[in-house]
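Participant: Shown below is the structure under consideration.
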Amino acid sequence: MRIRYEDMKREFERVLESRGFNKEEAAAAAAVFTDNSLDGIYSHGVNRFPRVVSYLDHGTIRPENKATVVKSFNGFERWDGHRGFGPLNARLAMDRACDLAEKYGIGVVALGNNNHWMRGGSYGWQAAGRGKIGICWSNTQPNMPAWGGKDKKIGNNPIVFAVPRSNGAHVVVDCAVSQFSYGKIEEYKLKGAQLPVYGGYDTKGNLTTDPAEIEKSWRVLPMGYWKGSGLSILLDVIATVLSDGNSVEKIGTFGDEVGLTQVMIAIDPGKMDDPSHTDSIVDAIVADIKSSIPATDGGTIFYPGEIEWNTRKDNLENGIPVVDEVWEKICKL
């Protein structure tokens with residue numbers, strides 16, 4: 001089925017208000033999940049919503065807790081999320097990073113003790129929407145083996161890069177440093193589909209494309225094998241140092257994926273050039289990429305963020321696709 005954007009957002013608002021959010025906060029939080037779904041990131045939108053509600057019901061997420069500044073020095077601030085609602089805290093942090101960038105040219109907010117931010121790309125699009133280059137990442141609970149190991153020691157720590165364009169068709173990369181995020185693995189499982197390439201290990205230690213087997217083993221594959229493993233470790237180290245928050249190892253002792261550490265960086269290219277000049281640079285690079293010879297007949301080359309931009313327009317016009325049983329579950333909450 002397809003659900004209109006306004007109807008989906010209204011249903012999310014209803015459920016969140018019943019869990020202690022005031023009207024303004026419920027609308028902002030509902031927009032996070034609805035916007036993610038609108039862009040086709042259902043794994044961190046409508047499909048993830050029931051799980052987040054369960055965290056609220058168990059008291060794992062405290063909606064009344066808001067992120068606060070702990071320390072600041074010029075364009076660099078350290079915040080404590082107080083284990084509040086992760087997406088709203090993350091939005092506040094990226095907004096502040098953009099404010100700092102407007103003043104100093106670059107702004108950095110290290111947000112510790114926050115909860116899951118849902119879709120990291122949201123904050124890249126947010127920064128680009130304010131005309132800023134956005135760089136952000138989050139650590140996670142231990143959910144991947146370090147390269148050469150078998151037990152889970154590192155996170156699939158998602159990282160985002162975003163570059164603004166005046167027409168809104170920003171260039172955005174949003175990826176976990178695993179071959180597939182757990183949200184994407186769950187999405188394939190819900191569809192009853194196999195992953196297009198190996199995404200992790202089954203319970204016997206064999207590489208597999210079966211999302212259900214990977215969920216059983218909890219052994220996802222780092223992207224680029226040892227390269228993804230190294231990148232994961234450094235993202236965790238840098239985030240923990242900047243925030244003085246929780247590392248992947250410490251998060252693993254909490255029982256749930258809470259108390260995460262995130263870094264928001266915003267850079268203002270307008271301090272050097274006007275937006276039209278930035279557009280000309282980005283447009284030229286994008287045009288060159290799209291002029292590639294397709295590897296398959298009739299194939300299309302997409303720049304990062306283009307599929308989400310196209311999906312957003314289609315879903316606004318035709319409604320957001322939803323798995324029937326997921327929507328029924330939400331409507332009964």
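Residues are named by chain letter and number: chains run A, B, ... in the order of the structure tokens, numbers start at 1 in each chain, and ligands are numbered from 1 in the order shown.
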So which residues of segment 126-263 of chain A fall under strand (DSSP E or B) by DSSP, listed as a ChimeraX atom specification?

Facilitator: /A:133-138,144-145,152-154,159-163,171-175,178,200-201,207-208,220,222,260-263

Participant: Could you take the residues named above and write them with N, CA and C atoms, as a compact mmCIF listing (two decimals), in the first residue's frame?

Facilitator:
# COMPACT_ATOMS: atom_id res chain seq x y z
N ILE A 133 28.54 22.50 3.71
CA ILE A 133 29.08 21.15 3.55
C ILE A 133 28.93 20.46 4.90
N GLY A 134 28.33 19.29 4.91
CA GLY A 134 28.11 18.57 6.15
C GLY A 134 28.91 17.28 6.20
N ILE A 135 29.54 17.03 7.34
CA ILE A 135 30.24 15.77 7.60
C ILE A 135 29.80 15.32 8.99
N CYS A 136 29.28 14.11 9.10
CA CYS A 136 28.88 13.64 10.43
C CYS A 136 28.97 12.12 10.49
N TRP A 137 29.11 11.63 11.70
CA TRP A 137 29.12 10.18 11.89
C TRP A 137 28.70 9.84 13.31
N SER A 138 28.37 8.58 13.51
CA SER A 138 27.95 8.06 14.81
C SER A 138 28.64 6.73 15.06
N MET A 144 30.26 -5.84 14.62
CA MET A 144 31.09 -6.41 13.55
C MET A 144 32.39 -6.91 14.18
N PRO A 145 32.95 -7.96 13.62
CA PRO A 145 34.30 -8.35 14.05
C PRO A 145 35.34 -7.44 13.41
N LYS A 152 32.41 -9.84 17.98
CA LYS A 152 32.03 -8.45 17.66
C LYS A 152 32.80 -7.48 18.56
N LYS A 153 33.62 -6.64 17.93
CA LYS A 153 34.42 -5.66 18.67
C LYS A 153 34.23 -4.24 18.17
N ILE A 154 33.79 -4.07 16.92
CA ILE A 154 33.69 -2.74 16.32
C ILE A 154 32.26 -2.48 15.85
N ILE A 159 28.67 7.01 8.40
CA ILE A 159 29.30 8.30 8.13
C ILE A 159 28.60 8.95 6.94
N VAL A 160 28.53 10.28 6.99
CA VAL A 160 27.77 11.05 6.00
C VAL A 160 28.63 12.21 5.49
N PHE A 161 28.59 12.43 4.17
CA PHE A 161 29.18 13.61 3.55
C PHE A 161 28.11 14.26 2.68
N ALA A 162 27.98 15.57 2.75
CA ALA A 162 26.97 16.27 1.96
C ALA A 162 27.52 17.58 1.42
N VAL A 163 27.21 17.88 0.16
CA VAL A 163 27.63 19.13 -0.48
C VAL A 163 26.38 19.81 -1.04
N VAL A 171 24.37 16.73 -3.15
CA VAL A 171 25.17 15.52 -3.33
C VAL A 171 25.46 14.97 -1.94
N VAL A 172 24.93 13.78 -1.65
CA VAL A 172 24.98 13.25 -0.28
C VAL A 172 25.34 11.76 -0.30
N VAL A 173 26.36 11.41 0.47
CA VAL A 173 26.69 10.01 0.72
C VAL A 173 26.34 9.69 2.16
N ASP A 174 25.62 8.62 2.37
CA ASP A 174 25.24 8.17 3.71
C ASP A 174 25.46 6.66 3.75
N CYS A 175 26.44 6.21 4.49
CA CYS A 175 26.71 4.77 4.48
C CYS A 175 27.29 4.31 5.82
N SER A 178 29.81 -1.05 7.34
CA SER A 178 29.57 -2.44 6.98
C SER A 178 29.08 -2.46 5.54
N GLY A 200 27.48 -10.67 5.05
CA GLY A 200 27.89 -11.12 6.37
C GLY A 200 28.04 -12.63 6.40
N TYR A 201 28.04 -13.16 7.62
CA TYR A 201 28.28 -14.58 7.80
C TYR A 201 27.04 -15.27 8.36
N LEU A 207 30.26 -16.97 4.40
CA LEU A 207 29.71 -15.75 3.82
C LEU A 207 28.36 -16.05 3.19
N THR A 208 27.42 -15.12 3.35
CA THR A 208 26.07 -15.37 2.86
C THR A 208 25.41 -14.08 2.36
N VAL A 220 28.13 -9.06 10.54
CA VAL A 220 28.08 -8.39 9.25
C VAL A 220 29.50 -8.19 8.73
N PRO A 222 32.52 -6.00 7.10
CA PRO A 222 32.98 -4.62 6.88
C PRO A 222 33.13 -4.34 5.39
N LEU A 260 24.98 6.66 22.57
CA LEU A 260 25.91 6.71 21.44
C LEU A 260 26.64 8.04 21.37
N THR A 261 27.69 8.05 20.57
CA THR A 261 28.52 9.24 20.36
C THR A 261 28.44 9.66 18.90
N GLN A 262 28.20 10.94 18.66
CA GLN A 262 28.06 11.46 17.30
C GLN A 262 28.85 12.75 17.13
N VAL A 263 29.30 12.99 15.91
CA VAL A 263 30.05 14.21 15.59
C VAL A 263 29.38 14.89 14.41

Participant: As a PyMOL selection string, please: the residues near segment 47-54 of chain A (cut-off 8 Å, only C-alpha atoms, same-chain neighbours under 5 positions excluded).

Facilitator: chain A and resi 16+33+42+183+187+326+329-330

Participant: To one decimal place in Å, what is the distance between atom CA of Val248 of chain A and atom CA of Ala146 of chain A?

Facilitator: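 One can read the atom CA of Val248 of chain A to atom CA of Ala146 of chain A distance as 12.1 Å.
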
Participant: Excluding same-chain residues fewer than 6 positions from Arg62 of chain A, what lies within 12 Å of it counting only C-alpha atoms, as a list in words?

Facilitator: Leu16, Arg19, Gly20, Phe21, Val52, Val53, Ser54, Tyr55, Leu56, Gly81, His82, Arg83, Gly84, Phe85, Gly86, Leu88, Asn89, Asn114, Asn115, Val258 and Gly259 of chain A

Participant: Write the selection just made, keeping N, CA and C atoms, as a CSV table (one decimal), in the first residue's frame?

Facilitator:
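Saved the output as part-v1.csv:
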chain,number,residue,atom,x,y,z
A,16,LEU,N,3.5,9.3,19.2
A,16,LEU,CA,4.5,10.0,20.0
A,16,LEU,C,4.0,10.9,21.1
A,19,ARG,N,3.2,9.0,24.0
A,19,ARG,CA,4.4,8.5,24.8
A,19,ARG,C,5.2,9.7,25.4
A,20,GLY,N,4.5,10.8,25.6
A,20,GLY,CA,5.1,11.9,26.4
A,20,GLY,C,5.7,13.1,25.7
A,21,PHE,N,5.6,13.1,24.3
A,21,PHE,CA,6.1,14.2,23.6
A,21,PHE,C,5.0,15.3,23.6
A,52,VAL,N,11.4,1.9,17.8
A,52,VAL,CA,11.7,3.1,18.6
A,52,VAL,C,10.6,3.3,19.7
A,53,VAL,N,9.4,3.0,19.3
A,53,VAL,CA,8.3,3.1,20.3
A,53,VAL,C,8.5,2.1,21.4
A,54,SER,N,9.0,1.0,21.1
A,54,SER,CA,9.2,0.0,22.2
A,54,SER,C,10.3,0.5,23.1
A,55,TYR,N,11.3,1.2,22.6
A,55,TYR,CA,12.3,1.8,23.4
A,55,TYR,C,11.7,2.9,24.3
A,56,LEU,N,10.8,3.6,23.8
A,56,LEU,CA,10.1,4.6,24.6
A,56,LEU,C,9.3,4.0,25.7
A,81,GLY,N,24.0,14.4,25.4
A,81,GLY,CA,22.6,14.2,24.9
A,81,GLY,C,21.7,13.7,26.0
A,82,HIS,N,22.2,13.3,27.2
A,82,HIS,CA,21.4,12.8,28.3
A,82,HIS,C,20.5,11.7,27.9
A,83,ARG,N,20.9,10.9,26.9
A,83,ARG,CA,20.1,9.8,26.5
A,83,ARG,C,18.6,10.2,26.1
A,84,GLY,N,18.5,11.4,25.5
A,84,GLY,CA,17.2,11.8,25.1
A,84,GLY,C,16.8,11.2,23.7
A,85,PHE,N,15.9,11.8,23.0
A,85,PHE,CA,15.5,11.3,21.7
A,85,PHE,C,16.5,11.6,20.7
A,86,GLY,N,17.2,10.6,20.2
A,86,GLY,CA,18.4,10.8,19.4
A,86,GLY,C,18.2,11.7,18.2
A,88,LEU,N,16.2,14.1,17.5
A,88,LEU,CA,16.0,15.6,17.8
A,88,LEU,C,17.2,16.2,18.3
A,89,ASN,N,17.9,15.4,19.2
A,89,ASN,CA,19.2,15.9,19.7
A,89,ASN,C,20.2,16.1,18.6
A,114,ASN,N,24.2,10.3,23.5
A,114,ASN,CA,22.9,10.4,22.8
A,114,ASN,C,22.3,9.0,22.5
A,115,ASN,N,21.2,9.0,21.9
A,115,ASN,CA,20.6,7.7,21.5
A,115,ASN,C,20.7,7.6,19.9
A,258,VAL,N,22.3,2.3,23.2
A,258,VAL,CA,22.0,3.7,23.8
A,258,VAL,C,23.3,4.3,24.2
A,259,GLY,N,23.2,5.6,24.5
A,259,GLY,CA,24.4,6.4,24.9
A,259,GLY,C,25.4,6.5,23.8

Participant: Compare A:Met264, A:Pro87, A:Gly305, A:Asn167 by their minimum atom-to-atom distance to Gly75 of chain A, counting only C-alpha atoms, and give me the closest one.

Facilitator: A:Met264

Participant: Residues at most 12 Å from Leu231 of chain A, counting only C-alpha atoms, excluding those fewer than 2 positions away in the same chain, as a list in words?

Facilitator: Trp137, Asn139, Ala146, Trp147, Ile154, Gly155, Asn156, Asn157, Pro158, Ile159, Ala176, Val177, Ser178, Pro222, Met223, Gly224, Tyr225, Trp226, Lys227, Gly228, Ser229, Ile233, Leu234, Leu235, Asp236, Val237 and Ile238 of chain A

Participant: Between A:Pro269, A:Gly199, A:Gly112, A:Gly107, which one has atoms that come closest to Trp79 of chain A, using only C-alpha atoms?

Facilitator: A:Gly112

Participant: Please report, as JSON lines, each residue of segment 232-331 of chain A lying at most 10 Å from segment 34-37 of chain A, together with the nearest pair of atoms and the separation in Å rounded to one decimal; use only C-alpha atoms, and order rows by chain and ascending residue number.

Facilitator:
{"residue": "A:Glu308", "atom": "CA", "partner": "A:Asn36", "partner_atom": "CA", "distance": 9.4}
{"residue": "A:Thr311", "atom": "CA", "partner": "A:Ser37", "partner_atom": "CA", "distance": 9.6}
{"residue": "A:Arg312", "atom": "CA", "partner": "A:Asp35", "partner_atom": "CA", "distance": 8.5}
{"residue": "A:Asn315", "atom": "CA", "partner": "A:Ser37", "partner_atom": "CA", "distance": 8.7}
{"residue": "A:Ile320", "atom": "CA", "partner": "A:Ser37", "partner_atom": "CA", "distance": 6.8}
{"residue": "A:Pro321", "atom": "CA", "partner": "A:Ser37", "partner_atom": "CA", "distance": 8.3}
{"residue": "A:Val322", "atom": "CA", "partner": "A:Ser37", "partner_atom": "CA", "distance": 8.9}

Participant: For those residues, write all heavy atoms to a file as an mmCIF file, in the first residue's frame.

Facilitator:
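Contents of again.cif, as written:
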data_model
loop_
_atom_site.group_PDB
_atom_site.id
_atom_site.type_symbol
_atom_site.label_atom_id
_atom_site.label_comp_id
_atom_site.auth_asym_id
_atom_site.auth_seq_id
_atom_site.Cartn_x
_atom_site.Cartn_y
_atom_site.Cartn_z
ATOM 1 N N GLU A 308 17.616 9.289 -3.870
ATOM 2 C CA GLU A 308 16.753 9.804 -2.806
ATOM 3 C C GLU A 308 15.963 11.015 -3.288
ATOM 4 O O GLU A 308 14.776 11.170 -2.959
ATOM 5 C CB GLU A 308 17.594 10.180 -1.573
ATOM 6 C CG GLU A 308 18.187 8.996 -0.836
ATOM 7 C CD GLU A 308 19.510 8.546 -1.422
ATOM 8 O OE1 GLU A 308 19.867 9.024 -2.528
ATOM 9 O OE2 GLU A 308 20.185 7.722 -0.782
ATOM 10 N N THR A 311 13.259 9.714 -5.566
ATOM 11 C CA THR A 311 12.265 8.979 -4.784
ATOM 12 C C THR A 311 11.377 9.938 -4.006
ATOM 13 O O THR A 311 10.160 9.727 -3.888
ATOM 14 C CB THR A 311 12.963 8.003 -3.814
ATOM 15 O OG1 THR A 311 13.778 7.097 -4.563
ATOM 16 C CG2 THR A 311 11.950 7.213 -3.004
ATOM 17 N N ARG A 312 11.975 10.988 -3.483
ATOM 18 C CA ARG A 312 11.210 11.980 -2.728
ATOM 19 C C ARG A 312 10.098 12.575 -3.596
ATOM 20 O O ARG A 312 8.944 12.681 -3.151
ATOM 21 C CB ARG A 312 12.141 13.095 -2.234
ATOM 22 C CG ARG A 312 11.460 14.174 -1.407
ATOM 23 C CD ARG A 312 12.446 15.274 -1.037
ATOM 24 N NE ARG A 312 13.634 14.761 -0.363
ATOM 25 C CZ ARG A 312 14.647 15.522 0.015
ATOM 26 N NH1 ARG A 312 14.645 16.818 -0.254
ATOM 27 N NH2 ARG A 312 15.680 14.982 0.629
ATOM 28 N N ASN A 315 7.374 9.831 -4.239
ATOM 29 C CA ASN A 315 6.574 9.503 -3.070
ATOM 30 C C ASN A 315 5.669 10.654 -2.640
ATOM 31 O O ASN A 315 4.594 10.428 -2.069
ATOM 32 C CB ASN A 315 7.479 9.085 -1.904
ATOM 33 C CG ASN A 315 8.037 7.683 -2.085
ATOM 34 O OD1 ASN A 315 7.637 6.959 -2.989
ATOM 35 N ND2 ASN A 315 8.973 7.304 -1.232
ATOM 36 N N ILE A 320 3.786 7.099 -0.022
ATOM 37 C CA ILE A 320 4.969 6.366 0.443
ATOM 38 C C ILE A 320 4.642 4.877 0.535
ATOM 39 O O ILE A 320 3.679 4.495 1.212
ATOM 40 C CB ILE A 320 5.409 6.897 1.819
ATOM 41 C CG1 ILE A 320 5.764 8.394 1.723
ATOM 42 C CG2 ILE A 320 6.590 6.102 2.352
ATOM 43 C CD1 ILE A 320 5.951 9.075 3.067
ATOM 44 N N PRO A 321 5.417 4.003 -0.130
ATOM 45 C CA PRO A 321 5.151 2.561 -0.043
ATOM 46 C C PRO A 321 5.389 2.038 1.382
ATOM 47 O O PRO A 321 6.369 2.400 2.031
ATOM 48 C CB PRO A 321 6.179 1.954 -1.013
ATOM 49 C CG PRO A 321 6.625 3.082 -1.876
ATOM 50 C CD PRO A 321 6.535 4.310 -1.030
ATOM 51 N N VAL A 322 4.477 1.206 1.847
ATOM 52 C CA VAL A 322 4.559 0.657 3.199
ATOM 53 C C VAL A 322 4.175 -0.817 3.150
ATOM 54 O O VAL A 322 3.219 -1.193 2.463
ATOM 55 C CB VAL A 322 3.605 1.400 4.165
ATOM 56 C CG1 VAL A 322 3.707 0.820 5.567
ATOM 57 C CG2 VAL A 322 3.908 2.881 4.201
#

Participant: Can you pull out the residues contacting segment 282-289 of chain A? Cut-off 10 Å, using only C-alpha atoms, and skip same-chain residues under 5 positions away; I want them as a PyMOL selection string.

Facilitator: chain A and resi 163-165+170-171+276-277+301-304

Participant: Restricted to N, CA, C and O atoms, what would the selected residues look like written as a PDB file, in the first residue's frame?

Facilitator:
ATOM      1  N   VAL A 163      27.215  17.876   0.156  1.00  0.00           N
ATOM      2  CA  VAL A 163      27.626  19.129  -0.476  1.00  0.00           C
ATOM      3  C   VAL A 163      26.378  19.808  -1.039  1.00  0.00           C
ATOM      4  O   VAL A 163      25.585  19.165  -1.729  1.00  0.00           O
ATOM      5  N   PRO A 164      26.173  21.105  -0.740  1.00  0.00           N
ATOM      6  CA  PRO A 164      24.926  21.770  -1.149  1.00  0.00           C
ATOM      7  C   PRO A 164      24.899  22.170  -2.614  1.00  0.00           C
ATOM      8  O   PRO A 164      25.931  22.453  -3.219  1.00  0.00           O
ATOM      9  N   ARG A 165      23.687  22.175  -3.177  1.00  0.00           N
ATOM     10  CA  ARG A 165      23.417  22.761  -4.492  1.00  0.00           C
ATOM     11  C   ARG A 165      22.201  23.661  -4.340  1.00  0.00           C
ATOM     12  O   ARG A 165      21.260  23.331  -3.607  1.00  0.00           O
ATOM     13  N   HIS A 170      21.033  18.103  -3.582  1.00  0.00           N
ATOM     14  CA  HIS A 170      22.354  18.049  -2.965  1.00  0.00           C
ATOM     15  C   HIS A 170      23.058  16.714  -3.256  1.00  0.00           C
ATOM     16  O   HIS A 170      22.414  15.698  -3.556  1.00  0.00           O
ATOM     17  N   VAL A 171      24.367  16.732  -3.150  1.00  0.00           N
ATOM     18  CA  VAL A 171      25.165  15.521  -3.329  1.00  0.00           C
ATOM     19  C   VAL A 171      25.458  14.967  -1.941  1.00  0.00           C
ATOM     20  O   VAL A 171      26.126  15.626  -1.136  1.00  0.00           O
ATOM     21  N   SER A 276      26.773  30.436  -6.502  1.00  0.00           N
ATOM     22  CA  SER A 276      26.780  30.114  -7.927  1.00  0.00           C
ATOM     23  C   SER A 276      28.095  29.478  -8.343  1.00  0.00           C
ATOM     24  O   SER A 276      28.124  28.596  -9.212  1.00  0.00           O
ATOM     25  N   HIS A 277      29.194  29.913  -7.719  1.00  0.00           N
ATOM     26  CA  HIS A 277      30.490  29.321  -8.053  1.00  0.00           C
ATOM     27  C   HIS A 277      30.569  27.882  -7.526  1.00  0.00           C
ATOM     28  O   HIS A 277      31.053  26.980  -8.226  1.00  0.00           O
ATOM     29  N   ILE A 301      23.687   5.965 -14.566  1.00  0.00           N
ATOM     30  CA  ILE A 301      24.678   6.302 -13.544  1.00  0.00           C
ATOM     31  C   ILE A 301      24.085   7.398 -12.658  1.00  0.00           C
ATOM     32  O   ILE A 301      23.710   8.460 -13.147  1.00  0.00           O
ATOM     33  N   PHE A 302      23.988   7.129 -11.369  1.00  0.00           N
ATOM     34  CA  PHE A 302      23.437   8.093 -10.429  1.00  0.00           C
ATOM     35  C   PHE A 302      24.552   8.732  -9.599  1.00  0.00           C
ATOM     36  O   PHE A 302      25.494   8.046  -9.206  1.00  0.00           O
ATOM     37  N   TYR A 303      24.430  10.019  -9.349  1.00  0.00           N
ATOM     38  CA  TYR A 303      25.357  10.640  -8.393  1.00  0.00           C
ATOM     39  C   TYR A 303      24.812  10.395  -6.987  1.00  0.00           C
ATOM     40  O   TYR A 303      23.616  10.139  -6.797  1.00  0.00           O
ATOM     41  N   PRO A 304      25.644  10.457  -5.950  1.00  0.00           N
ATOM     42  CA  PRO A 304      25.181  10.198  -4.584  1.00  0.00           C
ATOM     43  C   PRO A 304      24.089  11.186  -4.171  1.00  0.00           C
ATOM     44  O   PRO A 304      24.281  12.395  -4.236  1.00  0.00           O
TER      45      PRO A 304
END

Participant: With DSSP run on the backbone, what are the alpha helix (DSSP H) residues within segment 70-136 of chain A? I'd like them as JSON, numbers by chain.

Facilitator: {"A": [86, 87, 88, 89, 90, 91, 92, 93, 94, 95, 96, 97, 98, 99, 100, 101, 102, 103, 104, 121, 122, 123, 124, 125, 126, 127, 128, 129]}

Participant: Given the selection you just returned, output its residues as a file containing N, CA, C and O atoms, formatted as a JSON list (two decimals), in the first residue's frame.

Facilitator:
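The resulting file, result.json, is shown below:
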[["chain", "number", "residue", "atom", "x", "y", "z"],
["A", 86, "GLY", "N", 17.20, 10.58, 20.20],
["A", 86, "GLY", "CA", 18.39, 10.75, 19.37],
["A", 86, "GLY", "C", 18.24, 11.67, 18.18],
["A", 86, "GLY", "O", 19.06, 12.56, 17.98],
["A", 87, "PRO", "N", 17.20, 11.48, 17.32],
["A", 87, "PRO", "CA", 17.10, 12.32, 16.12],
["A", 87, "PRO", "C", 16.92, 13.81, 16.44],
["A", 87, "PRO", "O", 17.50, 14.66, 15.74],
["A", 88, "LEU", "N", 16.15, 14.14, 17.47],
["A", 88, "LEU", "CA", 15.96, 15.56, 17.78],
["A", 88, "LEU", "C", 17.24, 16.17, 18.34],
["A", 88, "LEU", "O", 17.59, 17.31, 18.02],
["A", 89, "ASN", "N", 17.94, 15.42, 19.20],
["A", 89, "ASN", "CA", 19.23, 15.91, 19.70],
["A", 89, "ASN", "C", 20.23, 16.10, 18.56],
["A", 89, "ASN", "O", 20.97, 17.09, 18.53],
["A", 90, "ALA", "N", 20.23, 15.15, 17.62],
["A", 90, "ALA", "CA", 21.16, 15.25, 16.49],
["A", 90, "ALA", "C", 20.83, 16.46, 15.61],
["A", 90, "ALA", "O", 21.73, 17.14, 15.12],
["A", 91, "ARG", "N", 19.55, 16.72, 15.39],
["A", 91, "ARG", "CA", 19.15, 17.89, 14.60],
["A", 91, "ARG", "C", 19.60, 19.19, 15.29],
["A", 91, "ARG", "O", 20.08, 20.10, 14.63],
["A", 92, "LEU", "N", 19.42, 19.25, 16.60],
["A", 92, "LEU", "CA", 19.87, 20.42, 17.35],
["A", 92, "LEU", "C", 21.38, 20.60, 17.20],
["A", 92, "LEU", "O", 21.87, 21.73, 17.01],
["A", 93, "ALA", "N", 22.12, 19.49, 17.27],
["A", 93, "ALA", "CA", 23.58, 19.56, 17.18],
["A", 93, "ALA", "C", 24.04, 20.02, 15.80],
["A", 93, "ALA", "O", 24.95, 20.83, 15.67],
["A", 94, "MET", "N", 23.39, 19.50, 14.74],
["A", 94, "MET", "CA", 23.79, 19.93, 13.40],
["A", 94, "MET", "C", 23.40, 21.38, 13.14],
["A", 94, "MET", "O", 24.15, 22.12, 12.50],
["A", 95, "ASP", "N", 22.26, 21.80, 13.65],
["A", 95, "ASP", "CA", 21.88, 23.21, 13.53],
["A", 95, "ASP", "C", 22.92, 24.10, 14.20],
["A", 95, "ASP", "O", 23.29, 25.15, 13.66],
["A", 96, "ARG", "N", 23.38, 23.67, 15.36],
["A", 96, "ARG", "CA", 24.39, 24.46, 16.06],
["A", 96, "ARG", "C", 25.71, 24.47, 15.30],
["A", 96, "ARG", "O", 26.38, 25.51, 15.22],
["A", 97, "ALA", "N", 26.09, 23.33, 14.72],
["A", 97, "ALA", "CA", 27.31, 23.28, 13.92],
["A", 97, "ALA", "C", 27.21, 24.25, 12.74],
["A", 97, "ALA", "O", 28.19, 24.94, 12.40],
["A", 98, "CYS", "N", 26.03, 24.34, 12.12],
["A", 98, "CYS", "CA", 25.83, 25.28, 11.01],
["A", 98, "CYS", "C", 25.91, 26.72, 11.50],
["A", 98, "CYS", "O", 26.48, 27.59, 10.81],
["A", 99, "ASP", "N", 25.34, 27.01, 12.68],
["A", 99, "ASP", "CA", 25.44, 28.35, 13.25],
["A", 99, "ASP", "C", 26.91, 28.74, 13.48],
["A", 99, "ASP", "O", 27.33, 29.86, 13.17],
["A", 100, "LEU", "N", 27.66, 27.79, 14.02],
["A", 100, "LEU", "CA", 29.09, 28.05, 14.27],
["A", 100, "LEU", "C", 29.84, 28.26, 12.96],
["A", 100, "LEU", "O", 30.74, 29.10, 12.88],
["A", 101, "ALA", "N", 29.47, 27.50, 11.93],
["A", 101, "ALA", "CA", 30.12, 27.64, 10.63],
["A", 101, "ALA", "C", 29.86, 29.02, 10.03],
["A", 101, "ALA", "O", 30.73, 29.60, 9.37],
["A", 102, "GLU", "N", 28.66, 29.54, 10.24],
["A", 102, "GLU", "CA", 28.35, 30.87, 9.73],
["A", 102, "GLU", "C", 29.21, 31.94, 10.41],
["A", 102, "GLU", "O", 29.51, 32.98, 9.83],
["A", 103, "LYS", "N", 29.61, 31.67, 11.64],
["A", 103, "LYS", "CA", 30.43, 32.63, 12.37],
["A", 103, "LYS", "C", 31.92, 32.42, 12.14],
["A", 103, "LYS", "O", 32.68, 33.37, 11.91],
["A", 104, "TYR", "N", 32.36, 31.14, 12.18],
["A", 104, "TYR", "CA", 33.79, 30.84, 12.13],
["A", 104, "TYR", "C", 34.25, 30.21, 10.81],
["A", 104, "TYR", "O", 35.44, 30.01, 10.62],
["A", 121, "GLY", "N", 21.93, 10.28, 7.11],
["A", 121, "GLY", "CA", 21.85, 11.18, 5.97],
["A", 121, "GLY", "C", 20.96, 12.39, 6.22],
["A", 121, "GLY", "O", 21.11, 13.42, 5.57],
["A", 122, "SER", "N", 20.01, 12.26, 7.16],
["A", 122, "SER", "CA", 19.12, 13.38, 7.48],
["A", 122, "SER", "C", 19.91, 14.63, 7.81],
["A", 122, "SER", "O", 19.53, 15.75, 7.42],
["A", 123, "TYR", "N", 21.01, 14.44, 8.53],
["A", 123, "TYR", "CA", 21.77, 15.60, 9.03],
["A", 123, "TYR", "C", 22.69, 16.15, 7.95],
["A", 123, "TYR", "O", 23.05, 17.33, 7.97],
["A", 124, "GLY", "N", 23.05, 15.30, 6.97],
["A", 124, "GLY", "CA", 23.77, 15.80, 5.80],
["A", 124, "GLY", "C", 22.85, 16.67, 4.95],
["A", 124, "GLY", "O", 23.23, 17.77, 4.53],
["A", 125, "TRP", "N", 21.62, 16.17, 4.69],
["A", 125, "TRP", "CA", 20.65, 16.96, 3.94],
["A", 125, "TRP", "C", 20.30, 18.24, 4.69],
["A", 125, "TRP", "O", 20.11, 19.31, 4.10],
["A", 126, "GLN", "N", 20.25, 18.15, 6.02],
["A", 126, "GLN", "CA", 19.96, 19.32, 6.84],
["A", 126, "GLN", "C", 21.03, 20.40, 6.66],
["A", 126, "GLN", "O", 20.72, 21.58, 6.45],
["A", 127, "ALA", "N", 22.30, 19.99, 6.75],
["A", 127, "ALA", "CA", 23.40, 20.95, 6.58],
["A", 127, "ALA", "C", 23.39, 21.54, 5.17],
["A", 127, "ALA", "O", 23.54, 22.76, 4.99],
["A", 128, "ALA", "N", 23.22, 20.67, 4.17],
["A", 128, "ALA", "CA", 23.22, 21.14, 2.78],
["A", 128, "ALA", "C", 22.06, 22.10, 2.55],
["A", 128, "ALA", "O", 22.19, 23.08, 1.78],
["A", 129, "GLY", "N", 20.93, 21.85, 3.21],
["A", 129, "GLY", "CA", 19.78, 22.73, 3.08],
["A", 129, "GLY", "C", 20.07, 24.13, 3.61],
["A", 129, "GLY", "O", 19.39, 25.10, 3.21]]

Participant: What is the atom CA of Ala169 of chain A to atom CA of Trp309 of chain A distance in Å?

Facilitator: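 So the two atoms, atom CA of Ala169 of chain A and atom CA of Trp309 of chain A, lie 6.4 Å apart.
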